[in-house]
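Structure, as structure tokens:
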Amino acid sequence: MIPETIPEQEKFLYYLSALGTVDKSVFRQWFGELCLRSDAKEDLNISFLENRYIRVMQSLGHIDDSGGKLWVCPPVLSFIRKDPKPIALLSGACDSDLISTLDHIISTEFPQGEVLCVKQSQCVSSDTVLLFPDAFFIKNIGPDDLRDVARALGAGLQTEEAPPSIVSLAGGIDQMSQRLEWRKYREDEPINSINRVFSPHLLHFTGDREDGRDYRLVEYRFNYLYEYWIWDDTEKGAVVQRDWGRYMALNAEGVDVLIYDEDAGSLAVPTNVPLPVNLARAVTACSGLVPYEVWSGDLRGLGLHANNVPFDVYFGVPKDVGVSVAEKLGQRLVTVGGVFQPELCTL
């Protein structure tokens with residue numbers, strides 16, 4: 001049983017930190033109590049919310065999702081930026097003792113430093129909120145001193161600025177394409193197993209094929225298993241990871257969907273076309289904060305047929321990081337100005 005003294009939004013990470021790993025089936029049993037607050041009168045799409053929660057927790061650097069289990073990441077201190085004043089982020093396994101130790105170290109040994117706690121959550125509707133752990137930042141501590149802090153905490157340390165480092169190590173769409181095994185043929189397609197097809201112009205999977213339009217990414221259902229196949233111009237297909245498959249389908253149609261606000265320094269990504277995990281980790285590491293959701297207006301200016309599409313907006317993303325992420329995905333970064341102006345704490 002989790003002590004009631006643990007803040008509501010911290011319970012899941014504290015619990016997982018104590019256990020190290022849990023089966024995803026157990027996570028689903030916990031989800032409504034530990035990760036969600038809702039007064040919704042109608043049924044929620046719990047499966048969608050569970051998957052969304054896991055994605056965001058991965059992008060924050062708190063957990064990994066592998067082999068049907070969720071694993072807590074070890075605690076790590078990493079720099080968001082070093083200039084003009086350094087600011088680092090604590091991610092991974094956490095509990096109240098770790099935070100108390102961090103506060104004590106900074107206040108007694110590094111008086112020029114400061115620990116900043118930012119409470120955060122993500123509203124997914126007017127009456128439903130996903131609960132995410134507080135973000136902890138260490139300000140005004142340089143690399144040498146931060147190494148001493150990490151050693152005292154028993155935490156890992158990333159001395160390079162995290163966002164460009166993560167992007168540089170992440171795979172790109174060309175590499176992913178080269179790994180595909182093109183062993184499927186259109187004439188052998190299991191038509192009766194088609195569950196949904198991805199529409200690059202509506203930005204989501206749909207049960208209806210677009211009239212007269214070739215479809216690229218298809219979701220097949222074989223009993224209780226789902227597979228995603230991507231088709232090329234020669235009528236050959238390959239099994240693909242869904243996140244990368246969506247961007248392959250978008251690129252085949254010449255559709256660019258990553259929007260960068262130069263005034264706000266924010267990157268907007270369609271909620272239903274999420275970034276692959278490592279790239280999401282890179283843009284989240286720019287601020288250490290959960291992205292917020294906005295709804296678009298008319299998107300015909302981007303060559304889309306969709307209106308009122310949800311976007312996840314990532315804070316504090318330098319343009320060079322946004323450009324690098326777009327290049328990894330084979331996308332062109334669409335630049336705008338003065339669109340995303342949320343009220344945020346100043347880091």
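Convention: chains lettered A, B, ... in structure tokens order; per-chain residue numbering from 1; ligands numbered from 1 as shown.
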
*asked:* Applying 6 Å and only C-alpha atoms, which residues near Leu70 in chain A remain after dropping the ones on its own chain fewer than 5 positions away? List them as an MDAnalysis selection string.
replied: chainID A and resid 21:22 64:65

*Write out as a ChimeraX atom specification which residues come within 12 Å of Glu50 in chain A when counting only C-alpha atoms, dropping same-chain ones fewer than 4 positions away.*
/A:24-32,34-36,44-46,54-57,124,130-131

*Find, counting only C-alpha atoms, the residue in A:Arg183, A:Arg281, A:Leu217, A:Asp39 that gets nearest to Ser165 in chain A.*
A:Arg281

*Could you tell me which of A:Cys94, A:Ile191, A:Val115, A:Leu157 comes closest to Gly20 in chain A if we count only C-alpha atoms?*
A:Cys94

_Counting only C-alpha atoms, which residue out of A:Ala264, A:Val283, A:Ile138, A:Ile63 sits closest to Gly338 in chain A?_
A:Ala264

*Pick the closest to Ala249 in chain A from A:Pro200, A:Gly156, A:Gly113, A:Pro133: which is it, counting only C-alpha atoms?*
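Closest candidate: A:Pro200.
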
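All residues in range 231-293 of chain A with a DSSP state of helix (DSSP H, G or I), computed from the backbone, read A:Arg242, A:Asp243, A:Trp244, A:Gly245, A:Arg246, A:Tyr247, A:Met248, A:Ala249, A:Leu250, A:Asn251, A:Ala252, A:Val277, A:Asn278, A:Leu279, A:Ala280, A:Arg281, A:Ala282, A:Val283, A:Thr284.
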
*Distance CA of Val255 in chain A-CA of Trp295 in chain A, one decimal place?*
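Separation of CA of Val255 in chain A and CA of Trp295 in chain A: 18.6 Å.
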
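Of the residues under consideration (A:Val277, A:Val218, A:Val309, A:Val334), A:Val218 shows the shortest atom-to-atom contact distance to Val197 in chain A when counting only C-alpha atoms.
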
Per residue of range 104-209 of chain A within 9 Å of range 267-276 of chain A, what are the shortest atom pair and its distance in Å to one decimal, counting only C-alpha atoms, with rows by chain and residue number, as a Markdown table?
```
| residue | atom | partner | partner_atom | distance |
| --- | --- | --- | --- | --- |
| A:Leu203 | CA | A:Asn272 | CA | 6.5 |
| A:His204 | CA | A:Asn272 | CA | 5.8 |
| A:Phe205 | CA | A:Asn272 | CA | 8.5 |
```

*Could you jot down the CA of Val321 in chain A to CA of Glu114 in chain A separation for me, Å, one decimal place?*
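Taking CA of Val321 in chain A as the start and CA of Glu114 in chain A as the end point, the length is 26.6 Å.
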
*Point-to-point distance in Å for CA of Thr335 in chain A and CA of Leu258 in chain A*: 8.6 Å

Per residue of range 99-189 of chain A within 12 Å of range 315-318 of chain A, which atom pair is closest and at what distance in Å (one decimal), using only C-alpha atoms, listed by chain and increasing number, as CSV?
```
residue,atom,partner,partner_atom,distance
A:Ala162,CA,A:Val317,CA,11.8
A:Pro163,CA,A:Val317,CA,8.7
A:Pro164,CA,A:Pro318,CA,9.6
```

Would you pick out the contacts of Glu327 in chain A at 9 Å or less, using only C-alpha atoms, so that residues sharing its chain but fewer than 5 positions from it are not included, and give the list as a PDB file with N, CA and C atoms, in the first residue's frame?
```
ATOM      1  N   GLY A 172      17.788   7.409 -37.666  1.00  0.00           N
ATOM      2  CA  GLY A 172      16.994   8.204 -38.587  1.00  0.00           C
ATOM      3  C   GLY A 172      16.139   7.321 -39.477  1.00  0.00           C
ATOM      4  N   ILE A 173      15.264   7.963 -40.236  1.00  0.00           N
ATOM      5  CA  ILE A 173      14.312   7.208 -41.042  1.00  0.00           C
ATOM      6  C   ILE A 173      15.014   6.446 -42.165  1.00  0.00           C
ATOM      7  N   GLY A 322      15.168  21.335 -33.402  1.00  0.00           N
ATOM      8  CA  GLY A 322      13.976  21.063 -34.198  1.00  0.00           C
ATOM      9  C   GLY A 322      14.314  20.650 -35.618  1.00  0.00           C
ATOM     10  N   ARG A 332      10.441  18.289 -43.475  1.00  0.00           N
ATOM     11  CA  ARG A 332      10.846  19.695 -43.517  1.00  0.00           C
ATOM     12  C   ARG A 332      10.165  20.399 -42.352  1.00  0.00           C
ATOM     13  N   LEU A 333      10.930  21.156 -41.571  1.00  0.00           N
ATOM     14  CA  LEU A 333      10.368  21.865 -40.429  1.00  0.00           C
ATOM     15  C   LEU A 333       9.564  23.064 -40.916  1.00  0.00           C
TER      16      LEU A 333
END
```

Pull the closest atom pair for each residue of range 92-177 of chain A that gets at most 8 Å from range 71-77 of chain A, along with the distance in Å to one decimal, counting only C-alpha atoms, ordering rows by chain and then ascending residue number, as CSV.
```
residue,atom,partner,partner_atom,distance
A:Gly92,CA,A:Pro75,CA,4.3
A:Ala93,CA,A:Pro75,CA,5.0
A:Cys94,CA,A:Pro75,CA,6.9
A:Leu146,CA,A:Leu77,CA,8.0
A:Ala150,CA,A:Leu77,CA,6.7
A:Gly154,CA,A:Pro75,CA,7.9
A:Ala155,CA,A:Pro75,CA,5.0
A:Gly156,CA,A:Val76,CA,4.3
A:Leu157,CA,A:Leu77,CA,4.9
A:Gln158,CA,A:Leu77,CA,6.3
```
